[in-house]
Amino acid sequence: MQSPKTTGLRRAGLAIGALALAVLPAMAQAEWKPTRNIEFIVPAGTGGGADQMARMIQGVVEKNNLIDKSIVVINKSGGAGAEGFLDVKGSAGDPHKIIITLSNLFTTPLATGVPFSWEDLTPVAMLALDEFVLWVNASEPSNTAQEYVEAAKKAGEGAYKMAGTGSKQEDQIITAGIEQSTGAKFTYVPFKGGGDVATQLVGGHVNSTVNNPIEAVAHWRSGALKPLCVFDKEPMKYTDKLTETMAWSDIPTCRSAGIEMDYLMLRGIFTTPGATQEQVDFYVDLFQKVRETPEWKDFMAKGAFNTTFMSGDEFKTWLQETNTRHKDLMSKAGFLAQ
Amino acid sequence: MDALFSLIQGFGVLADPANILYMMIGVLLGVLIGVLPGLGGANGVAILLPLTFSMSPTSAIIMLSCIYWGALFGGAVTSILFNIPGEPWSVATTFDGHPMALQGRAGEALTAAFTASFFGALLAVILITFFAPLVANFALRFGPPEFFAVQLLTFASFVGLDRSSPFKTLASMMIGFALAAVGIDIVTGQLRLTFGSHELLRGFDFLVAVIGLFGVGEILLSMETGLAFKGASARISPTVVLQTWAKLPQYWATALRGCVIGCWMGIKPGGATPASFMSYGIAKRLSKNGHKFGTGELEGVVAPEAAAHAAGTTALLPMLTLGIPGSPTAAVMLGGLLIWGLQPGPLLFIEQKEFVWGLIASMYLGNLAGLIVVLTTVPLFAAILRIPFSIIAPIIIAICAVGAYTVHNALLDVSIMLLFGVVGYVFKKLSYPLAPLVLALVLGDLAETSFRQSMLISDGSLRIFWSNWLVGGICTLAVILAIWPLISIGLGRWRRGRLAAAAD
């Protein structure tokens, strides 16, 4: 899909940074520029995490005049995002179309059997990774993930309710991971959006959630929710105190509490099948510039994102591994389409 | 009176001429968006969101919320004139608004709709100003069983409203439920009724259906009856606003009821569309002119409009205080808050006083500005009916098609809209009611999802619907409303029996 000859050079360029890319010989940086407006597909509804990020990017690009043309955000949320992915898959040869992904890039085809995979699209770059945190209501007596899991076990199978976004998607996969690792059994209750999920926990209608930081941070700061652990291999990096005593970095990892599960959600960019290397390079360069803006950095800090950036072969390898991992996790949990 | 001081400070924020300008631009754009079917408030706000990046967050939210107020007002225009709901929440306005237009009373209907809207908004804003924290806490009491109870109540308030045969109502409602089930099922994550078609993945959108059923269906009917709009001959005078205002005070109770329903539904969980249906249904039951509803009653326009605008306004409250959107438009604005670097949630009222109170103050002024804008255009809008049918009908069809396309950027939706147009025509010819279909389509999957969530939580026990006073109260009320037609028949028989006995 990608011509290998420029990859090494591009990798080196990336390492030096966007500035270096700009001064590389014109031969290697064969120019491609959009000749009309770019369609930015969001495979989710308006107002969700992916939508916010897409509109944020649109605004940053517009405000800083990063390209001559405009970016137009279009939501195609049908069939758990399948509508959006199929649209990009079917637009081969039209480089004026990009898509932002959620985990549904992996989960939707596996859970519903709709025929698409990440390999049908041309990968551009990983922008960031979204963290997941185990949240409970502030009135919950347990103060650590271990205590909470023990309490859930003691209460009996399915007595504790875990709310999450959608069915057979990331939140339920994490819940299944907790169950497999600890032997506790939760009743998983699916809701439409992350905001709803957090509110249900604040209202005491469920026992816990695995909300993304940005979905629950306001309730944490107001004292309604408390975080128990983060589903990452190491604690988050943000050290600014958000409550009297805690910063994001003070939340222990779930592994340290004996829950053998970590999960990060891809916020990545893909374009249409058959895009040339020049076109991919254009977008990689554009998103490098977006990542340099103060607005983007502020947004990352607010949502406590993991700001890993990848493109090229490194990104493809990551995608390959992550897809295999989803297959594995979902087949263990019995979520694969029959 | 902390709130009052803060509000005065809020008005201080608005004193900036730039903010007043943004407010007016917002209202005008909003009315336009509201008038065009398909292009809803959520779309309009989403399209303009990136433009607000260079403004201060306060100016930005003022402009975006004013677009929203404008859209809430504007939705009624095409509902009344052409039987095409400009926005989902103005479907119920067509029931009496359009018959009024056919009788040559379009100006009257428009004035009533706008005035009721404003009244609803005003009460809702007062509620937000003085009781925001209380109201936010109330919203937290709603879990899945409470959601289902409210949806049940909406259905129940609509059962038995149509004069047509109950079986036709039932058939219409079932078609609506079936259509609502198409697409992804949130509870199992599986696709339903898509028959392997990728186009059906997105399901049947309520808006596309409504534009077809009402708009295209109406045009087909007009073509059959003689290529002209009835009511075109009506004399339109600028004083129609004042004349209507003289009539409105007698409907204060209906308007107030609409506001209460609207405020409640806006906070949680329904939003403006179910609120307008519920308000119409309850007004029809409680009004002494209830039997005339659907034939062009002013009261039938007041009820849904007051509720819709009240709900649309209070929908912003959970967004600000809890970070959960009460409506699709609020969801887009919520994204805006995050992008501008504000964290919606319980602390917003403390940390961002200027922003919050500037927004609340703009709710007062924005709605007032909206009312003035739309009222001055009443004679203008009413005059549209005088344009010959042969000119206006193709324009309407074109606008409908664009509207249907805009909802999901899908070409197939235009065909689906036309198909729904034929369905609407056939329904009218066979005197099947459309309202139950529309209601089932908009609430069907919401009600189903909250029912199944409740069943998951209770492990299959129906007792969860009577597990506390809130959910139990709403459910009991819904059951009483649902069987009310039977009770009233029974009561009637009993009274007649007693009369007969007394006569003996």
# chains A, B, ... in the order shown; residues from 1 in each chain; ligands from 1
$ interface_residues --of "chain B" --to "chain A" --cutoff "7 Å" --atoms "only C-alpha atoms" --output "compact mmCIF listing (two decimals) with N, CA and C atoms, in the first residue's frame"
# COMPACT_ATOMS: atom_id res chain seq x y z
N PRO B 50 -16.54 25.91 14.42
CA PRO B 50 -15.12 26.26 14.23
C PRO B 50 -14.91 27.76 14.03
N LEU B 51 -15.93 28.45 13.53
CA LEU B 51 -15.79 29.90 13.32
C LEU B 51 -15.65 30.64 14.64
N PHE B 53 -13.83 29.94 17.12
CA PHE B 53 -12.57 29.73 17.83
C PHE B 53 -11.82 31.01 18.11
N SER B 54 -12.01 31.99 17.23
CA SER B 54 -11.26 33.21 17.44
C SER B 54 -12.00 34.19 18.36
N LEU B 140 -30.28 14.19 38.32
CA LEU B 140 -29.46 13.02 38.66
C LEU B 140 -30.30 11.84 39.14
N ARG B 141 -31.54 12.10 39.52
CA ARG B 141 -32.37 11.01 40.03
C ARG B 141 -32.84 10.08 38.92
N GLY B 143 -32.54 7.40 36.38
CA GLY B 143 -31.83 6.25 35.83
C GLY B 143 -32.69 5.62 34.75
N GLY B 183 -31.31 -0.73 12.22
CA GLY B 183 -29.98 -0.19 12.50
C GLY B 183 -29.34 -0.91 13.66
N ILE B 184 -28.36 -0.24 14.29
CA ILE B 184 -27.62 -0.91 15.37
C ILE B 184 -28.48 -0.93 16.64
N ILE B 186 -28.26 -0.82 20.51
CA ILE B 186 -27.23 -0.43 21.48
C ILE B 186 -27.03 -1.50 22.54
N VAL B 187 -28.10 -2.18 22.92
CA VAL B 187 -27.98 -3.11 24.04
C VAL B 187 -27.17 -4.36 23.68
N THR B 188 -27.33 -4.87 22.47
CA THR B 188 -26.56 -6.07 22.10
C THR B 188 -25.41 -5.75 21.16
N GLY B 189 -25.38 -4.55 20.60
CA GLY B 189 -24.33 -4.21 19.65
C GLY B 189 -24.49 -4.89 18.31
N GLN B 190 -25.66 -5.44 18.05
CA GLN B 190 -25.89 -6.14 16.78
C GLN B 190 -26.73 -5.30 15.83
N LEU B 191 -26.61 -5.62 14.54
CA LEU B 191 -27.43 -4.95 13.54
C LEU B 191 -28.79 -5.64 13.47
N LEU B 201 -27.83 0.75 7.40
CA LEU B 201 -27.10 0.78 8.67
C LEU B 201 -27.53 1.95 9.54
N ARG B 202 -27.78 3.09 8.88
CA ARG B 202 -28.06 4.28 9.68
C ARG B 202 -29.51 4.33 10.15
N GLY B 323 -22.55 18.40 32.48
CA GLY B 323 -21.78 17.96 31.33
C GLY B 323 -22.49 16.92 30.50
N ILE B 324 -23.83 16.80 30.68
CA ILE B 324 -24.57 15.92 29.78
C ILE B 324 -25.56 16.75 28.99
N ALA B 331 -25.56 18.94 22.73
CA ALA B 331 -24.40 18.05 22.62
C ALA B 331 -23.29 18.71 21.82
N VAL B 332 -23.66 19.40 20.75
CA VAL B 332 -22.64 20.07 19.94
C VAL B 332 -22.05 21.24 20.71
N LEU B 334 -21.78 21.45 23.86
CA LEU B 334 -20.94 20.86 24.90
C LEU B 334 -19.53 20.64 24.36
N GLY B 335 -19.46 20.13 23.12
CA GLY B 335 -18.16 19.97 22.47
C GLY B 335 -17.47 21.31 22.37
N ILE B 339 -13.74 22.62 23.64
CA ILE B 339 -12.76 23.15 22.70
C ILE B 339 -12.31 24.55 23.13
N GLN B 343 -14.52 23.58 31.19
CA GLN B 343 -14.91 22.25 31.61
C GLN B 343 -16.34 22.30 32.12
N PRO B 344 -17.30 21.81 31.34
CA PRO B 344 -18.67 21.83 31.84
C PRO B 344 -18.77 20.91 33.04
N GLY B 345 -19.64 21.23 33.95
CA GLY B 345 -19.77 20.41 35.14
C GLY B 345 -20.10 21.26 36.33
N PRO B 346 -20.19 20.62 37.48
CA PRO B 346 -20.67 21.32 38.67
C PRO B 346 -19.85 22.56 39.03
N LEU B 347 -18.59 22.59 38.60
CA LEU B 347 -17.75 23.72 39.02
C LEU B 347 -17.82 24.91 38.08
N HIS B 408 -28.16 13.29 7.04
CA HIS B 408 -27.04 12.35 7.16
C HIS B 408 -26.07 12.44 5.99
N GLN B 453 -32.36 -1.66 29.51
CA GLN B 453 -31.37 -1.33 30.54
C GLN B 453 -31.94 -1.60 31.93
N LEU B 456 -31.92 -5.22 32.64
CA LEU B 456 -30.58 -5.69 32.98
C LEU B 456 -30.28 -5.40 34.45
$ select_by_dssp --residues "stretch 106-200 of chain A" --states "strand (DSSP E)" --output "list in words"
Thr122, Pro123, Val124, Ala125, Met126, Leu127, Ala128, Leu129, Asp130, Val133, Leu134, Trp135, Val136, Asn137, Tyr160, Lys161, Met162, Ala163, Gly164, Thr165, Phe186, Thr187, Tyr188, Val189, Pro190 and Phe191 of chain A
$ atom_distance --atom1 "atom CA of B:Leu21" --atom2 "atom CA of B:Phe114"
22.2 Å
$ residues_around --residues "stretch 323-331 of chain A" --least-positions-apart "6" --cutoff "12 Å" --atoms "only C-alpha atoms" --output "mmCIF file with N, CA and C atoms, in the first residue's frame"
data_model
loop_
_atom_site.group_PDB
_atom_site.id
_atom_site.type_symbol
_atom_site.label_atom_id
_atom_site.label_comp_id
_atom_site.auth_asym_id
_atom_site.auth_seq_id
_atom_site.Cartn_x
_atom_site.Cartn_y
_atom_site.Cartn_z
ATOM 1 N N SER A 103 -12.164 3.132 18.812
ATOM 2 C CA SER A 103 -11.883 1.705 18.821
ATOM 3 C C SER A 103 -12.827 0.949 17.888
ATOM 4 N N ASN A 104 -13.911 1.609 17.465
ATOM 5 C CA ASN A 104 -14.857 0.896 16.598
ATOM 6 C C ASN A 104 -14.236 0.508 15.258
ATOM 7 N N LEU A 105 -13.068 1.069 14.926
ATOM 8 C CA LEU A 105 -12.341 0.605 13.741
ATOM 9 C C LEU A 105 -12.072 -0.901 13.865
ATOM 10 N N PHE A 106 -11.784 -1.354 15.087
ATOM 11 C CA PHE A 106 -11.518 -2.774 15.309
ATOM 12 C C PHE A 106 -12.774 -3.533 15.744
ATOM 13 N N THR A 107 -13.557 -2.918 16.667
ATOM 14 C CA THR A 107 -14.649 -3.672 17.297
ATOM 15 C C THR A 107 -15.852 -3.852 16.383
ATOM 16 N N THR A 108 -16.222 -2.831 15.594
ATOM 17 C CA THR A 108 -17.449 -2.931 14.803
ATOM 18 C C THR A 108 -17.416 -4.081 13.798
ATOM 19 N N PRO A 109 -16.341 -4.235 13.000
ATOM 20 C CA PRO A 109 -16.362 -5.372 12.068
ATOM 21 C C PRO A 109 -16.380 -6.715 12.796
ATOM 22 N N LEU A 110 -15.696 -6.782 13.940
ATOM 23 C CA LEU A 110 -15.656 -8.051 14.663
ATOM 24 C C LEU A 110 -17.005 -8.381 15.294
ATOM 25 N N ALA A 111 -17.679 -7.362 15.834
ATOM 26 C CA ALA A 111 -18.931 -7.620 16.558
ATOM 27 C C ALA A 111 -20.128 -7.737 15.632
ATOM 28 N N THR A 112 -20.117 -7.007 14.499
ATOM 29 C CA THR A 112 -21.309 -7.003 13.647
ATOM 30 C C THR A 112 -21.110 -7.758 12.344
ATOM 31 N N SER A 117 -11.924 -3.486 7.416
ATOM 32 C CA SER A 117 -10.891 -3.591 8.436
ATOM 33 C C SER A 117 -9.949 -2.419 8.239
ATOM 34 N N TRP A 118 -9.024 -2.252 9.163
ATOM 35 C CA TRP A 118 -8.116 -1.102 9.038
ATOM 36 C C TRP A 118 -7.304 -1.205 7.773
ATOM 37 N N GLU A 119 -7.091 -2.445 7.273
ATOM 38 C CA GLU A 119 -6.265 -2.617 6.077
ATOM 39 C C GLU A 119 -6.952 -2.128 4.800
ATOM 40 N N SER A 167 -22.310 -1.525 23.158
ATOM 41 C CA SER A 167 -22.236 -2.933 23.473
ATOM 42 C C SER A 167 -21.156 -3.585 22.632
ATOM 43 N N LYS A 168 -20.389 -4.468 23.238
ATOM 44 C CA LYS A 168 -19.281 -5.163 22.567
ATOM 45 C C LYS A 168 -18.263 -4.176 22.014
ATOM 46 N N GLN A 169 -18.173 -3.016 22.663
ATOM 47 C CA GLN A 169 -17.155 -2.045 22.301
ATOM 48 C C GLN A 169 -16.192 -1.906 23.479
ATOM 49 N N GLU A 170 -15.321 -0.879 23.407
ATOM 50 C CA GLU A 170 -14.201 -0.793 24.340
ATOM 51 C C GLU A 170 -14.595 -0.951 25.815
ATOM 52 N N ASP A 171 -15.670 -0.282 26.241
ATOM 53 C CA ASP A 171 -16.007 -0.323 27.667
ATOM 54 C C ASP A 171 -16.361 -1.737 28.118
ATOM 55 N N GLN A 172 -17.091 -2.446 27.253
ATOM 56 C CA GLN A 172 -17.468 -3.806 27.639
ATOM 57 C C GLN A 172 -16.282 -4.765 27.540
ATOM 58 N N ILE A 173 -15.382 -4.485 26.601
ATOM 59 C CA ILE A 173 -14.174 -5.307 26.483
ATOM 60 C C ILE A 173 -13.332 -5.177 27.749
ATOM 61 N N ILE A 174 -13.204 -3.934 28.256
ATOM 62 C CA ILE A 174 -12.434 -3.718 29.493
ATOM 63 C C ILE A 174 -13.119 -4.430 30.657
ATOM 64 N N THR A 175 -14.456 -4.310 30.717
ATOM 65 C CA THR A 175 -15.199 -4.970 31.789
ATOM 66 C C THR A 175 -14.948 -6.477 31.751
ATOM 67 N N ALA A 176 -15.006 -7.043 30.539
ATOM 68 C CA ALA A 176 -14.744 -8.478 30.408
ATOM 69 C C ALA A 176 -13.328 -8.806 30.849
ATOM 70 N N GLY A 177 -12.371 -7.887 30.541
ATOM 71 C CA GLY A 177 -10.991 -8.083 30.950
ATOM 72 C C GLY A 177 -10.861 -8.133 32.465
ATOM 73 N N ILE A 178 -11.562 -7.224 33.158
ATOM 74 C CA ILE A 178 -11.534 -7.213 34.627
ATOM 75 C C ILE A 178 -12.081 -8.540 35.152
ATOM 76 N N GLU A 179 -13.181 -8.977 34.559
ATOM 77 C CA GLU A 179 -13.822 -10.216 35.020
ATOM 78 C C GLU A 179 -12.894 -11.414 34.847
ATOM 79 N N GLN A 180 -12.271 -11.482 33.645
ATOM 80 C CA GLN A 180 -11.392 -12.629 33.385
ATOM 81 C C GLN A 180 -10.185 -12.625 34.322
ATOM 82 N N SER A 181 -9.700 -11.422 34.641
ATOM 83 C CA SER A 181 -8.493 -11.340 35.457
ATOM 84 C C SER A 181 -8.781 -11.586 36.933
ATOM 85 N N MET A 261 -5.216 -5.941 33.136
ATOM 86 C CA MET A 261 -5.885 -5.420 31.946
ATOM 87 C C MET A 261 -5.347 -4.022 31.680
ATOM 88 N N ASP A 262 -4.918 -3.790 30.443
ATOM 89 C CA ASP A 262 -4.669 -2.401 30.065
ATOM 90 C C ASP A 262 -5.274 -2.181 28.700
ATOM 91 N N TYR A 263 -5.738 -0.971 28.460
ATOM 92 C CA TYR A 263 -6.434 -0.696 27.213
ATOM 93 C C TYR A 263 -6.326 0.788 26.915
ATOM 94 N N LEU A 264 -5.965 1.096 25.664
ATOM 95 C CA LEU A 264 -5.917 2.481 25.220
ATOM 96 C C LEU A 264 -6.711 2.571 23.925
ATOM 97 N N MET A 265 -7.418 3.684 23.756
ATOM 98 C CA MET A 265 -8.225 3.812 22.544
ATOM 99 C C MET A 265 -7.534 4.703 21.525
ATOM 100 N N LEU A 266 -7.483 4.217 20.294
ATOM 101 C CA LEU A 266 -6.810 4.938 19.219
ATOM 102 C C LEU A 266 -7.603 6.171 18.801
ATOM 103 N N LYS A 316 1.625 1.128 11.326
ATOM 104 C CA LYS A 316 1.013 -0.077 10.743
ATOM 105 C C LYS A 316 1.240 -1.289 11.623
ATOM 106 N N THR A 317 2.440 -1.389 12.152
ATOM 107 C CA THR A 317 2.738 -2.514 13.041
ATOM 108 C C THR A 317 1.833 -2.443 14.270
ATOM 109 N N ALA A 337 -18.960 -11.781 16.056
ATOM 110 C CA ALA A 337 -20.190 -12.032 15.286
ATOM 111 C C ALA A 337 -20.218 -13.498 14.883
ATOM 112 N N GLN A 338 -21.386 -14.085 14.970
ATOM 113 C CA GLN A 338 -21.516 -15.508 14.626
ATOM 114 C C GLN A 338 -21.512 -15.690 13.121
#
$ select_by_dssp --residues "stretch 185-373 of chain B" --states "helix (DSSP H, G or I)" --output "ChimeraX atom specification"
/B:199-202,206-225,240-267,272-286,290-292,299-314,316-322,328-339,348-351,353-373
$ residues_around --residues "stretch 288-302 of chain B" --least-positions-apart "3" --cutoff "9 Å" --atoms "only C-alpha atoms" --output "PyMOL selection string"
chain B and resi 92-103+105+108-110+112-117+162-163+247-248+251+254-255+258+280+283-285+305-307
